[in-house]
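**Student:** Just dropping this structure here.
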Amino acid sequence: MTIGLVIAIERELRAFLAEGGETETVTVGARSAYHTKVGAHDIYAVLSGWGEIDAACATQFLITAFDCSVVMNFGVTGALRRGLAVEDLFVVSGAINYDFDTSCIDAVKPHQYAEYPTEQIPLDEGFVELAKKLYPTLRTTVVASGERFIEDPAEKTRLASLGCDICDMEIAAIARVAERNGVKAFSVKCISDTFDGDGGDFQKNVSASAAKAFRLLWDILHHIDG
């Protein structure tokens with residue numbers, strides 16, 4: 001199996017390079033990827049950059065350049081609810097693009113793409129089930145995903161009302177591009193900043209939280225058949 005790995009920021013990439021085994025750099029056109037192997041699986045990791053547009057570009061690059069049948073993501077996330085702590089881990093079942101809204105002209109809810117029955121862009125159920133089998137206490141969640149770093153408590157509460165526990169800036173794009181290409185998507189997230197936290201908490205916790213998320217993903221990769 002050929003698996004693409006979208007990594008948003010440099011400090012998350014460091015977790016992959018530190019613990020992901022020996023890598024080689026592969027360049028296609030203007031972009032480069034880090035290649036490694038896990039058992040029979042080829043892994044191609046790309047540093048995408050912040051936000052949905054960069055994540056979409058990286059996802060399509062992995063699919064087009066390396067014929068990836070799965071695109072995965074790990075990274076840090078912000079909590080939208082009180083009671084969630086730094087370094088809490090989640091597996092992602094769906095994403096809501098909170099910046100998307102055509103409800104004024106289409107028969108859909110705000111943030112809903114017409115192709116889906118709800119606002120959620122689904123991720124692969126099989127990989128979620130595998131993660132839960134390996135880690136029965138691992139929490140499953142829906143991510144509010146958009147182009148902004150969320151600090152305002154009122155905005156966190158609004159996004160939580162969509163049924164989301166955490167927020168990020170990439171996974172809606174990764175899931176959407178993967179689905180449009182007939183490719184599976186999977187993601188694990190680790191909290192870097194709590195409901196009462198802000199950008200300073202993110203800066204303080206990002207490296208440790210990214211490393212914890214990567215260790216979880218790396219273990220799951222070692223249990224994928226085929």
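Identifiers for the structure tokens are assigned positionally: chains receive A, B, ... in sequence, residues are indexed from 1 per chain, and ligands are indexed from 1 in the order shown.
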Could you give me, as a PDB file with C-alpha atoms, in the first residue's frame, the residues within 6 Å of segment 89-103 of chain A, counting only C-alpha atoms and dropping anything in the same chain fewer than 2 positions from it?
**Tutor:**
```pdb
ATOM      1  CA  ILE A 105     -28.718  29.472  -2.537  1.00  0.00           C
ATOM      2  CA  ASP A 106     -28.794  25.669  -2.070  1.00  0.00           C
ATOM      3  CA  VAL A 108     -28.263  22.533   2.418  1.00  0.00           C
ATOM      4  CA  LYS A 109     -27.358  23.500   5.962  1.00  0.00           C
ATOM      5  CA  PRO A 110     -24.577  26.001   6.616  1.00  0.00           C
ATOM      6  CA  HIS A 111     -21.177  24.278   6.116  1.00  0.00           C
ATOM      7  CA  GLU A 119     -22.266  18.950   7.382  1.00  0.00           C
ATOM      8  CA  GLN A 120     -19.580  16.348   7.999  1.00  0.00           C
ATOM      9  CA  ILE A 121     -16.973  15.340   5.440  1.00  0.00           C
ATOM     10  CA  PRO A 122     -16.385  11.705   6.396  1.00  0.00           C
ATOM     11  CA  LEU A 123     -13.020  10.033   6.959  1.00  0.00           C
ATOM     12  CA  ARG A 139     -11.818   9.219  21.664  1.00  0.00           C
ATOM     13  CA  THR A 140     -13.499   9.652  18.276  1.00  0.00           C
ATOM     14  CA  THR A 141     -14.426  13.174  17.236  1.00  0.00           C
ATOM     15  CA  VAL A 142     -15.509  15.551  14.502  1.00  0.00           C
ATOM     16  CA  VAL A 143     -13.143  18.452  13.775  1.00  0.00           C
ATOM     17  CA  ALA A 144     -14.172  22.015  13.007  1.00  0.00           C
ATOM     18  CA  SER A 145     -11.719  22.862  10.249  1.00  0.00           C
ATOM     19  CA  GLY A 146     -11.078  26.218   8.599  1.00  0.00           C
ATOM     20  CA  ALA A 172     -11.436  19.310   5.975  1.00  0.00           C
ATOM     21  CA  SER A 187      -6.234  11.531  10.923  1.00  0.00           C
ATOM     22  CA  VAL A 188      -5.188  11.576  14.569  1.00  0.00           C
ATOM     23  CA  LYS A 189      -5.000  14.779  16.603  1.00  0.00           C
ATOM     24  CA  CYS A 190      -3.484  15.813  19.938  1.00  0.00           C
TER      25      CYS A 190
END
```
**Student:** Got a sec to tell me which of segment 12-166 of chain A DSSP assigns to helix (DSSP H, G or I), as a VMD selection string?
**Tutor:** chain A and resid 12 to 19 51 to 66 125 to 134 153 to 160
**Student:** Restricting the calculation to only C-alpha atoms: of A:Val70, A:Ala65, A:Leu17, A:Ala55, which residue gets closest to Leu221 of chain A?
**Tutor:**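 When distances to Leu221 of chain A are compared using only C-alpha atoms, the smallest one comes from A:Val70.
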**Student:** Using DSSP on the backbone coordinates, identify all residues within segment 30-141 of chain A classified as strand (DSSP E or B); present the result as a PDB file with N, CA and C atoms, in the first residue's frame.
**Tutor:**
```
ATOM      1  N   ARG A  31       8.040  20.097  -5.971  1.00  0.00           N
ATOM      2  CA  ARG A  31       7.787  19.675  -4.602  1.00  0.00           C
ATOM      3  C   ARG A  31       8.617  18.463  -4.241  1.00  0.00           C
ATOM      4  N   SER A  32       8.879  18.331  -2.949  1.00  0.00           N
ATOM      5  CA  SER A  32       9.632  17.192  -2.437  1.00  0.00           C
ATOM      6  C   SER A  32       8.833  16.479  -1.361  1.00  0.00           C
ATOM      7  N   ALA A  33       9.098  15.192  -1.221  1.00  0.00           N
ATOM      8  CA  ALA A  33       8.478  14.373  -0.185  1.00  0.00           C
ATOM      9  C   ALA A  33       9.550  13.538   0.489  1.00  0.00           C
ATOM     10  N   TYR A  34       9.269  13.143   1.726  1.00  0.00           N
ATOM     11  CA  TYR A  34      10.140  12.225   2.446  1.00  0.00           C
ATOM     12  C   TYR A  34       9.574  10.820   2.305  1.00  0.00           C
ATOM     13  N   HIS A  35      10.399   9.900   1.822  1.00  0.00           N
ATOM     14  CA  HIS A  35       9.950   8.522   1.605  1.00  0.00           C
ATOM     15  C   HIS A  35      10.554   7.607   2.660  1.00  0.00           C
ATOM     16  N   THR A  36       9.722   6.752   3.231  1.00  0.00           N
ATOM     17  CA  THR A  36      10.179   5.717   4.137  1.00  0.00           C
ATOM     18  C   THR A  36       9.279   4.509   3.953  1.00  0.00           C
ATOM     19  N   LYS A  37       9.574   3.431   4.636  1.00  0.00           N
ATOM     20  CA  LYS A  37       8.761   2.212   4.542  1.00  0.00           C
ATOM     21  C   LYS A  37       8.365   1.745   5.925  1.00  0.00           C
ATOM     22  N   VAL A  38       7.150   1.216   6.022  1.00  0.00           N
ATOM     23  CA  VAL A  38       6.669   0.534   7.222  1.00  0.00           C
ATOM     24  C   VAL A  38       6.179  -0.819   6.765  1.00  0.00           C
ATOM     25  N   HIS A  41       4.566  -1.252   3.284  1.00  0.00           N
ATOM     26  CA  HIS A  41       3.938  -0.009   2.875  1.00  0.00           C
ATOM     27  C   HIS A  41       4.972   1.076   2.571  1.00  0.00           C
ATOM     28  N   ASP A  42       4.763   1.775   1.472  1.00  0.00           N
ATOM     29  CA  ASP A  42       5.557   2.953   1.150  1.00  0.00           C
ATOM     30  C   ASP A  42       4.858   4.180   1.712  1.00  0.00           C
ATOM     31  N   ILE A  43       5.607   4.999   2.466  1.00  0.00           N
ATOM     32  CA  ILE A  43       5.068   6.208   3.070  1.00  0.00           C
ATOM     33  C   ILE A  43       5.756   7.409   2.434  1.00  0.00           C
ATOM     34  N   TYR A  44       4.952   8.349   1.932  1.00  0.00           N
ATOM     35  CA  TYR A  44       5.467   9.604   1.385  1.00  0.00           C
ATOM     36  C   TYR A  44       4.893  10.748   2.217  1.00  0.00           C
ATOM     37  N   ALA A  45       5.772  11.487   2.878  1.00  0.00           N
ATOM     38  CA  ALA A  45       5.348  12.581   3.757  1.00  0.00           C
ATOM     39  C   ALA A  45       5.697  13.918   3.133  1.00  0.00           C
ATOM     40  N   VAL A  46       4.747  14.854   3.196  1.00  0.00           N
ATOM     41  CA  VAL A  46       4.929  16.188   2.621  1.00  0.00           C
ATOM     42  C   VAL A  46       4.621  17.235   3.682  1.00  0.00           C
ATOM     43  N   LEU A  47       5.494  18.243   3.778  1.00  0.00           N
ATOM     44  CA  LEU A  47       5.220  19.413   4.606  1.00  0.00           C
ATOM     45  C   LEU A  47       4.332  20.347   3.796  1.00  0.00           C
ATOM     46  N   VAL A  70      -4.187   5.990   0.201  1.00  0.00           N
ATOM     47  CA  VAL A  70      -4.608   6.508   1.504  1.00  0.00           C
ATOM     48  C   VAL A  70      -3.819   7.794   1.753  1.00  0.00           C
ATOM     49  N   VAL A  71      -4.489   8.802   2.290  1.00  0.00           N
ATOM     50  CA  VAL A  71      -3.801  10.001   2.747  1.00  0.00           C
ATOM     51  C   VAL A  71      -4.089  10.168   4.234  1.00  0.00           C
ATOM     52  N   MET A  72      -3.021  10.266   5.012  1.00  0.00           N
ATOM     53  CA  MET A  72      -3.141  10.389   6.458  1.00  0.00           C
ATOM     54  C   MET A  72      -2.595  11.722   6.933  1.00  0.00           C
ATOM     55  N   ASN A  73      -2.954  12.039   8.170  1.00  0.00           N
ATOM     56  CA  ASN A  73      -2.541  13.292   8.778  1.00  0.00           C
ATOM     57  C   ASN A  73      -2.445  13.080  10.284  1.00  0.00           C
ATOM     58  N   PHE A  74      -1.451  13.700  10.880  1.00  0.00           N
ATOM     59  CA  PHE A  74      -1.406  13.798  12.333  1.00  0.00           C
ATOM     60  C   PHE A  74      -1.054  15.240  12.667  1.00  0.00           C
ATOM     61  N   GLY A  75      -1.373  15.659  13.884  1.00  0.00           N
ATOM     62  CA  GLY A  75      -0.997  17.016  14.239  1.00  0.00           C
ATOM     63  C   GLY A  75      -1.687  17.504  15.488  1.00  0.00           C
ATOM     64  N   VAL A  76      -1.399  18.753  15.794  1.00  0.00           N
ATOM     65  CA  VAL A  76      -1.953  19.359  17.002  1.00  0.00           C
ATOM     66  C   VAL A  76      -3.296  20.002  16.691  1.00  0.00           C
ATOM     67  N   THR A  77      -4.037  20.261  17.751  1.00  0.00           N
ATOM     68  CA  THR A  77      -5.405  20.756  17.606  1.00  0.00           C
ATOM     69  C   THR A  77      -5.774  21.598  18.811  1.00  0.00           C
ATOM     70  N   GLY A  78      -6.764  22.473  18.627  1.00  0.00           N
ATOM     71  CA  GLY A  78      -7.279  23.269  19.734  1.00  0.00           C
ATOM     72  C   GLY A  78      -8.576  22.693  20.267  1.00  0.00           C
ATOM     73  N   ALA A  79      -8.761  22.759  21.582  1.00  0.00           N
ATOM     74  CA  ALA A  79      -9.983  22.251  22.208  1.00  0.00           C
ATOM     75  C   ALA A  79     -11.104  23.270  22.091  1.00  0.00           C
ATOM     76  N   LEU A  89      -5.655  12.770  23.131  1.00  0.00           N
ATOM     77  CA  LEU A  89      -5.589  12.242  21.767  1.00  0.00           C
ATOM     78  C   LEU A  89      -6.978  11.945  21.221  1.00  0.00           C
ATOM     79  N   PHE A  90      -7.135  12.106  19.896  1.00  0.00           N
ATOM     80  CA  PHE A  90      -8.400  11.846  19.218  1.00  0.00           C
ATOM     81  C   PHE A  90      -8.136  11.193  17.869  1.00  0.00           C
ATOM     82  N   VAL A  91      -9.070  10.335  17.461  1.00  0.00           N
ATOM     83  CA  VAL A  91      -9.116   9.863  16.083  1.00  0.00           C
ATOM     84  C   VAL A  91     -10.301  10.560  15.418  1.00  0.00           C
ATOM     85  N   VAL A  92     -10.116  10.974  14.179  1.00  0.00           N
ATOM     86  CA  VAL A  92     -11.092  11.839  13.515  1.00  0.00           C
ATOM     87  C   VAL A  92     -12.033  11.023  12.633  1.00  0.00           C
ATOM     88  N   SER A  93     -13.330  11.111  12.899  1.00  0.00           N
ATOM     89  CA  SER A  93     -14.328  10.423  12.080  1.00  0.00           C
ATOM     90  C   SER A  93     -14.902  11.316  10.991  1.00  0.00           C
ATOM     91  N   GLY A  94     -14.840  12.634  11.197  1.00  0.00           N
ATOM     92  CA  GLY A  94     -15.389  13.559  10.213  1.00  0.00           C
ATOM     93  C   GLY A  94     -14.873  14.964  10.448  1.00  0.00           C
ATOM     94  N   ALA A  95     -15.041  15.803   9.429  1.00  0.00           N
ATOM     95  CA  ALA A  95     -14.604  17.199   9.518  1.00  0.00           C
ATOM     96  C   ALA A  95     -15.704  18.098   8.982  1.00  0.00           C
ATOM     97  N   ILE A  96     -15.835  19.278   9.576  1.00  0.00           N
ATOM     98  CA  ILE A  96     -16.772  20.289   9.103  1.00  0.00           C
ATOM     99  C   ILE A  96     -15.968  21.519   8.694  1.00  0.00           C
ATOM    100  N   ASN A  97     -16.101  21.913   7.443  1.00  0.00           N
ATOM    101  CA  ASN A  97     -15.459  23.132   6.957  1.00  0.00           C
ATOM    102  C   ASN A  97     -16.331  24.318   7.365  1.00  0.00           C
ATOM    103  N   ILE A 121     -17.726  16.036   6.476  1.00  0.00           N
ATOM    104  CA  ILE A 121     -16.973  15.340   5.440  1.00  0.00           C
ATOM    105  C   ILE A 121     -16.410  14.089   6.106  1.00  0.00           C
ATOM    106  N   PRO A 122     -16.791  12.903   5.669  1.00  0.00           N
ATOM    107  CA  PRO A 122     -16.385  11.705   6.396  1.00  0.00           C
ATOM    108  C   PRO A 122     -14.936  11.306   6.124  1.00  0.00           C
ATOM    109  N   ARG A 139     -10.579   8.532  21.962  1.00  0.00           N
ATOM    110  CA  ARG A 139     -11.818   9.219  21.664  1.00  0.00           C
ATOM    111  C   ARG A 139     -11.958   9.504  20.167  1.00  0.00           C
ATOM    112  N   THR A 140     -13.174   9.334  19.655  1.00  0.00           N
ATOM    113  CA  THR A 140     -13.499   9.652  18.276  1.00  0.00           C
ATOM    114  C   THR A 140     -14.187  11.014  18.245  1.00  0.00           C
ATOM    115  N   THR A 141     -13.852  11.826  17.257  1.00  0.00           N
ATOM    116  CA  THR A 141     -14.426  13.174  17.236  1.00  0.00           C
ATOM    117  C   THR A 141     -14.606  13.681  15.820  1.00  0.00           C
TER     118      THR A 141
END
```
**Student:** How many Å separate atom CA of Trp218 of chain A from atom CA of Lys133 of chain A?
**Tutor:**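 Spanning atom CA of Trp218 of chain A to atom CA of Lys133 of chain A is a straight-line distance of 15.1 Å.
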**Student:** Mind pulling up the distance from atom CA of Val6 of chain A to atom CA of Gly197 of chain A?
**Tutor:** 25.4 Å
**Student:** With distances taken over only C-alpha atoms, which residue among A:Ser192, A:Leu159, A:Ala85, A:Cys167 lies nearest Lys204 of chain A?
**Tutor:**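 Checking each of A:Ser192, A:Leu159, A:Ala85, A:Cys167 against Lys204 of chain A, counting only C-alpha atoms, the winner is A:Ser192.
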**Student:** Restricting the calculation to only C-alpha atoms, which member of A:Ala213, A:Arg11, A:Asn181, A:Glu155 is positioned closest to Phe61 of chain A?
**Tutor:**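 The answer is A:Asn181, which sits nearest to Phe61 of chain A.
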**Student:** So that I can see what lies close to Phe195 of chain A, please list as a VMD selection string the residues with an atom at most 8 Å from it, counting only C-alpha atoms and leaving out residues fewer than 4 positions away in the same chain.
**Tutor:** chain A and resid 78 to 82 84 153 156
**Student:** Could you please take those selected residues and save C-alpha atoms as a CSV table (one decimal), in the first residue's frame?
**Tutor:**
```csv
chain,number,residue,atom,x,y,z
A,78,GLY,CA,-7.3,23.3,19.7
A,79,ALA,CA,-10.0,22.3,22.2
A,80,LEU,CA,-13.5,23.6,21.7
A,81,ARG,CA,-14.9,22.4,25.0
A,82,ARG,CA,-13.8,22.7,28.6
A,84,LEU,CA,-10.3,18.6,27.4
A,153,PRO,CA,-14.0,31.5,23.6
A,156,LYS,CA,-15.0,28.0,20.3
```
**Student:** Just give me the gap between atom CA of Gly39 of chain A and atom CA of Glu22 of chain A in Å, one decimal is fine.
**Tutor:**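 That distance, rounded to one decimal, is 12.9 Å.
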